[in-house]
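Peer 1: I'm passing along start_37.pdb; it holds PDB, N, CA and C atoms.
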```pdb
ATOM      1  N   MET A 719     -28.526 -22.758  28.339
ATOM      2  CA  MET A 719     -27.966 -23.016  29.650
ATOM      3  C   MET A 719     -26.558 -22.442  29.757
ATOM      4  N   LEU A 720     -25.786 -22.534  28.697
ATOM      5  CA  LEU A 720     -24.434 -21.996  28.707
ATOM      6  C   LEU A 720     -24.461 -20.474  28.812
ATOM      7  N   LEU A 721     -25.391 -19.838  28.122
ATOM      8  CA  LEU A 721     -25.530 -18.384  28.198
ATOM      9  C   LEU A 721     -25.929 -17.955  29.614
ATOM     10  N   GLU A 722     -26.790 -18.718  30.251
ATOM     11  CA  GLU A 722     -27.191 -18.405  31.625
ATOM     12  C   GLU A 722     -25.994 -18.520  32.568
ATOM     13  N   ALA A 723     -25.207 -19.569  32.417
ATOM     14  CA  ALA A 723     -24.052 -19.765  33.292
ATOM     15  C   ALA A 723     -23.004 -18.680  33.080
ATOM     16  N   LEU A 724     -22.740 -18.327  31.840
ATOM     17  CA  LEU A 724     -21.770 -17.281  31.545
ATOM     18  C   LEU A 724     -22.253 -15.927  32.049
ATOM     19  N   SER A 725     -23.529 -15.650  31.852
ATOM     20  CA  SER A 725     -24.093 -14.383  32.322
ATOM     21  C   SER A 725     -24.089 -14.319  33.842
ATOM     22  N   ALA A 726     -24.403 -15.413  34.491
ATOM     23  CA  ALA A 726     -24.398 -15.446  35.949
ATOM     24  C   ALA A 726     -22.982 -15.271  36.494
ATOM     25  N   THR A 727     -22.007 -15.859  35.832
ATOM     26  CA  THR A 727     -20.617 -15.710  36.255
ATOM     27  C   THR A 727     -20.170 -14.261  36.165
ATOM     28  N   ILE A 728     -20.477 -13.622  35.062
ATOM     29  CA  ILE A 728     -20.096 -12.219  34.873
ATOM     30  C   ILE A 728     -20.836 -11.330  35.876
ATOM     31  N   LEU A 729     -22.111 -11.611  36.092
ATOM     32  CA  LEU A 729     -22.890 -10.836  37.050
ATOM     33  C   LEU A 729     -22.363 -11.013  38.473
ATOM     34  N   GLY A 730     -22.050 -12.232  38.864
ATOM     35  CA  GLY A 730     -21.499 -12.484  40.189
ATOM     36  C   GLY A 730     -20.147 -11.831  40.387
ATOM     37  N   LEU A 731     -19.318 -11.863  39.354
ATOM     38  CA  LEU A 731     -18.013 -11.211  39.437
ATOM     39  C   LEU A 731     -18.168  -9.705  39.567
ATOM     40  N   ALA A 732     -19.093  -9.127  38.815
ATOM     41  CA  ALA A 732     -19.317  -7.688  38.890
ATOM     42  C   ALA A 732     -19.866  -7.268  40.254
ATOM     43  N   LEU A 733     -20.807  -8.041  40.784
ATOM     44  CA  LEU A 733     -21.358  -7.719  42.099
ATOM     45  C   LEU A 733     -20.313  -7.863  43.198
ATOM     46  N   ALA A 734     -19.522  -8.905  43.127
ATOM     47  CA  ALA A 734     -18.484  -9.107  44.140
ATOM     48  C   ALA A 734     -17.403  -8.036  44.033
ATOM     49  N   TRP A 735     -17.044  -7.653  42.824
ATOM     50  CA  TRP A 735     -16.046  -6.595  42.659
ATOM     51  C   TRP A 735     -16.567  -5.277  43.193
ATOM     52  N   ALA A 736     -17.838  -4.952  42.916
ATOM     53  CA  ALA A 736     -18.420  -3.707  43.413
ATOM     54  C   ALA A 736     -18.477  -3.706  44.941
ATOM     55  N   ALA A 737     -18.841  -4.833  45.530
ATOM     56  CA  ALA A 737     -18.886  -4.914  46.989
ATOM     57  C   ALA A 737     -17.488  -4.802  47.580
ATOM     58  N   ALA A 738     -16.513  -5.453  46.965
ATOM     59  CA  ALA A 738     -15.139  -5.393  47.467
ATOM     60  C   ALA A 738     -14.566  -3.988  47.309
ATOM     61  N   HIS A 739     -14.958  -3.299  46.274
ATOM     62  CA  HIS A 739     -14.475  -1.944  46.055
ATOM     63  C   HIS A 739     -15.134  -0.970  47.023
ATOM     64  N   ARG A 740     -16.438  -1.116  47.217
ATOM     65  CA  ARG A 740     -17.197  -0.174  48.055
ATOM     66  C   ARG A 740     -17.024  -0.456  49.541
ATOM     67  N   LEU A 741     -16.941  -1.714  49.925
ATOM     68  CA  LEU A 741     -16.873  -2.108  51.329
ATOM     69  C   LEU A 741     -15.556  -2.804  51.667
ATOM     70  N   SER A 742     -14.465  -2.310  51.123
ATOM     71  CA  SER A 742     -13.179  -2.987  51.310
ATOM     72  C   SER A 742     -12.739  -3.008  52.768
ATOM     73  N   HIS A 743     -13.176  -2.052  53.568
ATOM     74  CA  HIS A 743     -12.787  -2.010  54.973
ATOM     75  C   HIS A 743     -13.564  -3.015  55.826
ATOM     76  N   ARG A 744     -14.653  -3.551  55.305
ATOM     77  CA  ARG A 744     -15.468  -4.498  56.077
ATOM     78  C   ARG A 744     -15.434  -5.914  55.517
ATOM     79  N   LEU A 745     -14.769  -6.116  54.393
ATOM     80  CA  LEU A 745     -14.696  -7.435  53.767
ATOM     81  C   LEU A 745     -13.282  -7.976  53.844
ATOM     82  N   PRO A 746     -13.128  -9.299  53.806
ATOM     83  CA  PRO A 746     -11.776  -9.872  53.745
ATOM     84  C   PRO A 746     -11.129  -9.590  52.380
ATOM     85  N   ASP A 747     -10.018 -10.196  52.143
ATOM     86  CA  ASP A 747      -9.260  -9.975  50.913
ATOM     87  C   ASP A 747     -10.091 -10.342  49.675
ATOM     88  N   ARG A 748      -9.810  -9.672  48.572
ATOM     89  CA  ARG A 748     -10.557  -9.918  47.326
ATOM     90  C   ARG A 748     -10.395 -11.337  46.810
ATOM     91  N   VAL A 749      -9.326 -11.990  47.211
ATOM     92  CA  VAL A 749      -9.103 -13.372  46.783
ATOM     93  C   VAL A 749     -10.225 -14.281  47.288
ATOM     94  N   LEU A 750     -10.853 -13.917  48.390
ATOM     95  CA  LEU A 750     -11.972 -14.676  48.932
ATOM     96  C   LEU A 750     -13.320 -14.138  48.443
ATOM     97  N   VAL A 751     -13.423 -12.827  48.295
ATOM     98  CA  VAL A 751     -14.705 -12.199  47.960
ATOM     99  C   VAL A 751     -15.128 -12.509  46.520
ATOM    100  N   LEU A 752     -14.227 -12.402  45.577
ATOM    101  CA  LEU A 752     -14.589 -12.599  44.164
ATOM    102  C   LEU A 752     -15.074 -14.023  43.868
ATOM    103  N   PRO A 753     -14.367 -15.067  44.308
ATOM    104  CA  PRO A 753     -14.907 -16.418  44.066
ATOM    105  C   PRO A 753     -16.209 -16.696  44.807
ATOM    106  N   THR A 754     -16.393 -16.068  45.968
ATOM    107  CA  THR A 754     -17.645 -16.247  46.694
ATOM    108  C   THR A 754     -18.815 -15.664  45.903
ATOM    109  N   GLY A 755     -18.608 -14.501  45.301
ATOM    110  CA  GLY A 755     -19.657 -13.900  44.476
ATOM    111  C   GLY A 755     -19.974 -14.734  43.246
ATOM    112  N   ILE A 756     -18.950 -15.270  42.620
ATOM    113  CA  ILE A 756     -19.158 -16.105  41.434
ATOM    114  C   ILE A 756     -19.872 -17.401  41.810
ATOM    115  N   ALA A 757     -19.430 -18.041  42.894
ATOM    116  CA  ALA A 757     -20.067 -19.289  43.312
ATOM    117  C   ALA A 757     -21.518 -19.066  43.724
ATOM    118  N   GLY A 758     -21.783 -17.962  44.384
ATOM    119  CA  GLY A 758     -23.162 -17.643  44.755
ATOM    120  C   GLY A 758     -24.038 -17.395  43.543
ATOM    121  N   ALA A 759     -23.489 -16.708  42.548
ATOM    122  CA  ALA A 759     -24.260 -16.438  41.335
ATOM    123  C   ALA A 759     -24.540 -17.718  40.551
ATOM    124  N   LEU A 760     -23.555 -18.585  40.445
ATOM    125  CA  LEU A 760     -23.777 -19.851  39.743
ATOM    126  C   LEU A 760     -24.764 -20.740  40.488
ATOM    127  N   SER A 761     -24.686 -20.748  41.813
ATOM    128  CA  SER A 761     -25.649 -21.527  42.600
ATOM    129  C   SER A 761     -27.055 -20.962  42.450
ATOM    130  N   GLY A 762     -27.162 -19.645  42.476
ATOM    131  CA  GLY A 762     -28.466 -19.011  42.298
ATOM    132  C   GLY A 762     -29.050 -19.261  40.923
ATOM    133  N   ALA A 763     -28.199 -19.241  39.899
ATOM    134  CA  ALA A 763     -28.676 -19.531  38.550
ATOM    135  C   ALA A 763     -29.145 -20.980  38.443
ATOM    136  N   PHE A 764     -28.410 -21.893  39.062
ATOM    137  CA  PHE A 764     -28.800 -23.301  39.030
ATOM    138  C   PHE A 764     -30.137 -23.525  39.732
ATOM    139  N   VAL A 765     -30.282 -22.950  40.921
ATOM    140  CA  VAL A 765     -31.518 -23.131  41.681
ATOM    141  C   VAL A 765     -32.700 -22.510  40.941
ATOM    142  N   THR A 766     -32.514 -21.304  40.417
ATOM    143  CA  THR A 766     -33.599 -20.626  39.712
ATOM    144  C   THR A 766     -33.956 -21.342  38.419
ATOM    145  N   HIS A 767     -32.956 -21.803  37.688
ATOM    146  CA  HIS A 767     -33.219 -22.530  36.446
ATOM    147  C   HIS A 767     -33.936 -23.854  36.743
ATOM    148  N   THR A 768     -33.553 -24.515  37.811
ATOM    149  CA  THR A 768     -34.206 -25.767  38.178
ATOM    150  C   THR A 768     -35.651 -25.528  38.592
ATOM    151  N   ALA A 769     -35.896 -24.457  39.310
ATOM    152  CA  ALA A 769     -37.251 -24.179  39.795
ATOM    153  C   ALA A 769     -38.177 -23.683  38.687
ATOM    154  N   LEU A 770     -37.670 -22.840  37.793
ATOM    155  CA  LEU A 770     -38.528 -22.218  36.789
ATOM    156  C   LEU A 770     -38.456 -22.860  35.419
ATOM    157  N   GLY A 771     -37.411 -23.590  35.152
ATOM    158  CA  GLY A 771     -37.244 -24.189  33.838
ATOM    159  C   GLY A 771     -36.558 -23.233  32.877
ATOM    160  N   ALA A 772     -36.419 -23.657  31.652
ATOM    161  CA  ALA A 772     -35.728 -22.856  30.638
ATOM    162  C   ALA A 772     -36.637 -21.745  30.124
ATOM    163  N   GLY A 773     -36.017 -20.733  29.565
ATOM    164  CA  GLY A 773     -36.788 -19.683  28.915
ATOM    165  C   GLY A 773     -36.889 -18.392  29.683
ATOM    166  N   GLY A 774     -36.428 -18.337  30.896
ATOM    167  CA  GLY A 774     -36.532 -17.120  31.683
ATOM    168  C   GLY A 774     -35.165 -16.590  32.069
ATOM    169  N   LEU A 775     -34.415 -16.068  31.105
ATOM    170  CA  LEU A 775     -33.053 -15.611  31.365
ATOM    171  C   LEU A 775     -33.041 -14.467  32.377
ATOM    172  N   LEU A 776     -33.968 -13.547  32.272
ATOM    173  CA  LEU A 776     -34.007 -12.417  33.195
ATOM    174  C   LEU A 776     -34.288 -12.877  34.628
ATOM    175  N   LEU A 777     -35.203 -13.828  34.783
ATOM    176  CA  LEU A 777     -35.502 -14.340  36.114
ATOM    177  C   LEU A 777     -34.338 -15.154  36.679
ATOM    178  N   VAL A 778     -33.648 -15.875  35.830
ATOM    179  CA  VAL A 778     -32.477 -16.641  36.275
ATOM    180  C   VAL A 778     -31.381 -15.682  36.735
ATOM    181  N   LEU A 779     -31.180 -14.605  36.011
ATOM    182  CA  LEU A 779     -30.173 -13.630  36.414
ATOM    183  C   LEU A 779     -30.573 -12.910  37.697
ATOM    184  N   LEU A 780     -31.847 -12.683  37.885
ATOM    185  CA  LEU A 780     -32.323 -12.079  39.126
ATOM    186  C   LEU A 780     -32.067 -13.004  40.319
ATOM    187  N   GLY A 781     -32.338 -14.280  40.142
ATOM    188  CA  GLY A 781     -32.060 -15.253  41.195
ATOM    189  C   GLY A 781     -30.576 -15.391  41.473
ATOM    190  N   SER A 782     -29.763 -15.339  40.434
ATOM    191  CA  SER A 782     -28.319 -15.450  40.640
ATOM    192  C   SER A 782     -27.770 -14.210  41.329
ATOM    193  N   ALA A 783     -28.308 -13.040  41.008
ATOM    194  CA  ALA A 783     -27.863 -11.818  41.687
ATOM    195  C   ALA A 783     -28.246 -11.836  43.159
ATOM    196  N   ALA A 784     -29.427 -12.343  43.457
ATOM    197  CA  ALA A 784     -29.873 -12.391  44.848
ATOM    198  C   ALA A 784     -29.001 -13.326  45.679
ATOM    199  N   LEU A 785     -28.710 -14.494  45.164
ATOM    200  CA  LEU A 785     -27.893 -15.437  45.927
ATOM    201  C   LEU A 785     -26.432 -15.003  45.989
ATOM    202  N   SER A 786     -25.954 -14.333  44.958
ATOM    203  CA  SER A 786     -24.594 -13.810  44.981
ATOM    204  C   SER A 786     -24.461 -12.722  46.043
ATOM    205  N   ALA A 787     -25.417 -11.818  46.092
ATOM    206  CA  ALA A 787     -25.378 -10.759  47.106
ATOM    207  C   ALA A 787     -25.504 -11.335  48.510
ATOM    208  N   ALA A 788     -26.339 -12.352  48.664
ATOM    209  CA  ALA A 788     -26.493 -12.971  49.980
ATOM    210  C   ALA A 788     -25.215 -13.674  50.423
ATOM    211  N   SER A 789     -24.548 -14.344  49.514
ATOM    212  CA  SER A 789     -23.332 -15.061  49.895
ATOM    213  C   SER A 789     -22.189 -14.093  50.195
ATOM    214  N   VAL A 790     -22.087 -13.001  49.462
ATOM    215  CA  VAL A 790     -21.052 -12.012  49.755
ATOM    216  C   VAL A 790     -21.357 -11.295  51.071
ATOM    217  N   SER A 791     -22.627 -11.081  51.353
ATOM    218  CA  SER A 791     -22.977 -10.390  52.600
ATOM    219  C   SER A 791     -22.625 -11.215  53.829
ATOM    220  N   LEU A 792     -22.505 -12.517  53.678
ATOM    221  CA  LEU A 792     -22.097 -13.352  54.803
ATOM    222  C   LEU A 792     -20.645 -13.139  55.195
ATOM    223  N   LEU A 793     -19.870 -12.516  54.317
ATOM    224  CA  LEU A 793     -18.462 -12.247  54.605
ATOM    225  C   LEU A 793     -18.246 -10.929  55.329
ATOM    226  N   LEU A 794     -19.277 -10.097  55.457
ATOM    227  CA  LEU A 794     -19.133  -8.782  56.070
ATOM    228  C   LEU A 794     -18.773  -8.882  57.541
ATOM    229  N   ARG A 795     -17.860  -8.022  57.956
ATOM    230  CA  ARG A 795     -17.505  -7.894  59.360
ATOM    231  C   ARG A 795     -18.196  -6.659  59.915
ATOM    232  N   PRO A 796     -18.415  -6.610  61.225
ATOM    233  CA  PRO A 796     -19.042  -5.419  61.807
ATOM    234  C   PRO A 796     -18.150  -4.193  61.629
ATOM    235  N   ALA A 797     -18.784  -3.035  61.503
ATOM    236  CA  ALA A 797     -18.033  -1.794  61.395
ATOM    237  C   ALA A 797     -17.372  -1.481  62.728
ATOM    238  N   ALA A 798     -16.240  -0.813  62.687
ATOM    239  CA  ALA A 798     -15.485  -0.530  63.909
ATOM    240  C   ALA A 798     -16.223   0.441  64.815
ATOM    241  N   GLY A 799     -17.032   1.326  64.267
ATOM    242  CA  GLY A 799     -17.713   2.321  65.075
ATOM    243  C   GLY A 799     -18.965   1.823  65.758
ATOM    244  N   LEU A 800     -19.397   0.623  65.482
ATOM    245  CA  LEU A 800     -20.637   0.119  66.035
ATOM    246  C   LEU A 800     -20.450  -0.734  67.285
ATOM    247  N   ARG A 801     -19.252  -0.837  67.785
ATOM    248  CA  ARG A 801     -19.016  -1.662  68.969
ATOM    249  C   ARG A 801     -19.571  -0.962  70.201
ATOM    250  N   ARG A 802     -20.287  -1.702  70.991
ATOM    251  CA  ARG A 802     -20.872  -1.158  72.219
ATOM    252  C   ARG A 802     -20.266  -1.856  73.427
ATOM    253  N   ARG A 803     -20.242  -1.135  74.482
ATOM    254  CA  ARG A 803     -19.784  -1.741  75.729
ATOM    255  C   ARG A 803     -20.939  -2.454  76.400
ATOM    256  N   SER A 804     -20.601  -3.471  77.123
ATOM    257  CA  SER A 804     -21.654  -4.185  77.844
ATOM    258  C   SER A 804     -22.117  -3.352  79.030
ATOM    259  N   ALA A 805     -23.247  -3.668  79.580
ATOM    260  CA  ALA A 805     -23.802  -2.899  80.705
ATOM    261  C   ALA A 805     -22.967  -3.064  81.962
ATOM    262  N   THR A 806     -22.226  -4.146  82.073
ATOM    263  CA  THR A 806     -21.426  -4.384  83.279
ATOM    264  C   THR A 806     -20.047  -3.753  83.198
ATOM    265  N   ALA A 807     -19.637  -3.294  82.056
ATOM    266  CA  ALA A 807     -18.285  -2.744  81.910
ATOM    267  C   ALA A 807     -18.171  -1.318  82.361
TER     268      ALA A 807
END
```
Would you write out, as structure tokens, the structure that this file holds?
Peer 2:
Amino acid sequence: MLLEALSATILGLALAWAAAHRLSHRLPDRVLVLPTGIAGALSGAFVTHTALGAGGLLLVLLGSAALSAASVSLLLRPAAGLRRRSATA
């Protein structure tokens, strides 16, 4: 369980750092993005471990990566070029 939590933490940090590096213009400050990725990964590892039980480290890491990516994606802002005018304007 400790190995799963440590691996999920490192995976969440890596995913959040990659997203913050690649999408820095659409995400808030890294102070918010990095803990969100870690918390999402730990939550995903907990949920996956609870659902599947012990013994599936690869599946637990897959679940933690999915929830980490989903939680970081909730922080995305719309791109500046995608704004449309309303039909009445």
Peer 1: Determine the nearest neighbour of A:Ala772 from the options A:Met719, A:Leu792, A:Ile728, A:Leu760, counting only C-alpha atoms.
Peer 2: A:Met719
Peer 1: Do you know which residues are at most 8 Å from A:Ala757 counting only N, CA and C atoms, after dropping those on the same chain fewer than 5 positions away, and could you put them as a PDB file with N, CA and C atoms, in the frame of the given file?
Peer 2:
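This went into out.pdb:
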```pdb
ATOM      1  N   ALA A 726     -24.403 -15.413  34.491  1.00  0.00           N
ATOM      2  CA  ALA A 726     -24.398 -15.446  35.949  1.00  0.00           C
ATOM      3  C   ALA A 726     -22.982 -15.271  36.494  1.00  0.00           C
ATOM      4  N   THR A 727     -22.007 -15.859  35.832  1.00  0.00           N
ATOM      5  CA  THR A 727     -20.617 -15.710  36.255  1.00  0.00           C
ATOM      6  C   THR A 727     -20.170 -14.261  36.165  1.00  0.00           C
ATOM      7  N   GLY A 730     -22.050 -12.232  38.864  1.00  0.00           N
ATOM      8  CA  GLY A 730     -21.499 -12.484  40.189  1.00  0.00           C
ATOM      9  C   GLY A 730     -20.147 -11.831  40.387  1.00  0.00           C
ATOM     10  N   LEU A 731     -19.318 -11.863  39.354  1.00  0.00           N
ATOM     11  CA  LEU A 731     -18.013 -11.211  39.437  1.00  0.00           C
ATOM     12  C   LEU A 731     -18.168  -9.705  39.567  1.00  0.00           C
ATOM     13  N   VAL A 751     -13.423 -12.827  48.295  1.00  0.00           N
ATOM     14  CA  VAL A 751     -14.705 -12.199  47.960  1.00  0.00           C
ATOM     15  C   VAL A 751     -15.128 -12.509  46.520  1.00  0.00           C
ATOM     16  N   LEU A 752     -14.227 -12.402  45.577  1.00  0.00           N
ATOM     17  CA  LEU A 752     -14.589 -12.599  44.164  1.00  0.00           C
ATOM     18  C   LEU A 752     -15.074 -14.023  43.868  1.00  0.00           C
ATOM     19  N   GLY A 762     -27.162 -19.645  42.476  1.00  0.00           N
ATOM     20  CA  GLY A 762     -28.466 -19.011  42.298  1.00  0.00           C
ATOM     21  C   GLY A 762     -29.050 -19.261  40.923  1.00  0.00           C
ATOM     22  N   ALA A 763     -28.199 -19.241  39.899  1.00  0.00           N
ATOM     23  CA  ALA A 763     -28.676 -19.531  38.550  1.00  0.00           C
ATOM     24  C   ALA A 763     -29.145 -20.980  38.443  1.00  0.00           C
ATOM     25  N   LEU A 785     -28.710 -14.494  45.164  1.00  0.00           N
ATOM     26  CA  LEU A 785     -27.893 -15.437  45.927  1.00  0.00           C
ATOM     27  C   LEU A 785     -26.432 -15.003  45.989  1.00  0.00           C
ATOM     28  N   SER A 786     -25.954 -14.333  44.958  1.00  0.00           N
ATOM     29  CA  SER A 786     -24.594 -13.810  44.981  1.00  0.00           C
ATOM     30  C   SER A 786     -24.461 -12.722  46.043  1.00  0.00           C
ATOM     31  N   SER A 789     -24.548 -14.344  49.514  1.00  0.00           N
ATOM     32  CA  SER A 789     -23.332 -15.061  49.895  1.00  0.00           C
ATOM     33  C   SER A 789     -22.189 -14.093  50.195  1.00  0.00           C
TER      34      SER A 789
END
```
Peer 1: What does the structure give for the distance between atom CA of A:Leu741 and atom CA of A:Pro753, in Å to one decimal?
Peer 2: 16.2 Å
Peer 1: Translate the PyMOL selection byres ((chain A and resi 779-781) around 7) into a concrete residue list for this structure, as an mmCIF file with N, CA and C atoms, in the frame of the given file.
Peer 2:
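Output file expr.cif follows:
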```cif
data_model
loop_
_atom_site.group_PDB
_atom_site.id
_atom_site.type_symbol
_atom_site.label_atom_id
_atom_site.label_comp_id
_atom_site.auth_asym_id
_atom_site.auth_seq_id
_atom_site.Cartn_x
_atom_site.Cartn_y
_atom_site.Cartn_z
ATOM 1 N N SER A 725 -23.529 -15.650 31.852
ATOM 2 C CA SER A 725 -24.093 -14.383 32.322
ATOM 3 C C SER A 725 -24.089 -14.319 33.842
ATOM 4 N N ALA A 726 -24.403 -15.413 34.491
ATOM 5 C CA ALA A 726 -24.398 -15.446 35.949
ATOM 6 C C ALA A 726 -22.982 -15.271 36.494
ATOM 7 N N ALA A 759 -23.489 -16.708 42.548
ATOM 8 C CA ALA A 759 -24.260 -16.438 41.335
ATOM 9 C C ALA A 759 -24.540 -17.718 40.551
ATOM 10 N N SER A 761 -24.686 -20.748 41.813
ATOM 11 C CA SER A 761 -25.649 -21.527 42.600
ATOM 12 C C SER A 761 -27.055 -20.962 42.450
ATOM 13 N N GLY A 762 -27.162 -19.645 42.476
ATOM 14 C CA GLY A 762 -28.466 -19.011 42.298
ATOM 15 C C GLY A 762 -29.050 -19.261 40.923
ATOM 16 N N ALA A 763 -28.199 -19.241 39.899
ATOM 17 C CA ALA A 763 -28.676 -19.531 38.550
ATOM 18 C C ALA A 763 -29.145 -20.980 38.443
ATOM 19 N N THR A 766 -32.514 -21.304 40.417
ATOM 20 C CA THR A 766 -33.599 -20.626 39.712
ATOM 21 C C THR A 766 -33.956 -21.342 38.419
ATOM 22 N N GLY A 774 -36.428 -18.337 30.896
ATOM 23 C CA GLY A 774 -36.532 -17.120 31.683
ATOM 24 C C GLY A 774 -35.165 -16.590 32.069
ATOM 25 N N LEU A 775 -34.415 -16.068 31.105
ATOM 26 C CA LEU A 775 -33.053 -15.611 31.365
ATOM 27 C C LEU A 775 -33.041 -14.467 32.377
ATOM 28 N N LEU A 776 -33.968 -13.547 32.272
ATOM 29 C CA LEU A 776 -34.007 -12.417 33.195
ATOM 30 C C LEU A 776 -34.288 -12.877 34.628
ATOM 31 N N LEU A 777 -35.203 -13.828 34.783
ATOM 32 C CA LEU A 777 -35.502 -14.340 36.114
ATOM 33 C C LEU A 777 -34.338 -15.154 36.679
ATOM 34 N N VAL A 778 -33.648 -15.875 35.830
ATOM 35 C CA VAL A 778 -32.477 -16.641 36.275
ATOM 36 C C VAL A 778 -31.381 -15.682 36.735
ATOM 37 N N SER A 782 -29.763 -15.339 40.434
ATOM 38 C CA SER A 782 -28.319 -15.450 40.640
ATOM 39 C C SER A 782 -27.770 -14.210 41.329
ATOM 40 N N ALA A 783 -28.308 -13.040 41.008
ATOM 41 C CA ALA A 783 -27.863 -11.818 41.687
ATOM 42 C C ALA A 783 -28.246 -11.836 43.159
ATOM 43 N N ALA A 784 -29.427 -12.343 43.457
ATOM 44 C CA ALA A 784 -29.873 -12.391 44.848
ATOM 45 C C ALA A 784 -29.001 -13.326 45.679
ATOM 46 N N LEU A 785 -28.710 -14.494 45.164
ATOM 47 C CA LEU A 785 -27.893 -15.437 45.927
ATOM 48 C C LEU A 785 -26.432 -15.003 45.989
ATOM 49 N N SER A 786 -25.954 -14.333 44.958
ATOM 50 C CA SER A 786 -24.594 -13.810 44.981
ATOM 51 C C SER A 786 -24.461 -12.722 46.043
#
```
Peer 1: Calculate, to one decimal in Å, the centre and edge lengths of the box along x, y and z of the file that holds all listed atoms of stretch 738-757 of chain A with 3 Å of margin on each side, and present them as JSON.
Peer 2:
```
{"center_x": -15.3, "center_y": -9.7, "center_z": 48.8, "size_x": 18.4, "size_y": 25.1, "size_z": 20.6}
```
Peer 1: Just the number, please: distance in Å from atom CA of A:His739 to atom CA of A:Gly758, one decimal.
Peer 2: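 Interatomic distance here is 18.0 Å.
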Peer 1: Suppose you want the space between atom CA of A:Ala797 and atom CA of A:His743; what is it in Å?
Peer 2: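 Result for atom CA of A:Ala797 versus atom CA of A:His743: 8.3 Å, one decimal.
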Peer 1: Quick one: DSSP helix (DSSP H, G or I) residues in stretch 745-788 of chain A, as a ChimeraX atom specification?
Peer 2: /A:748-770,775-788
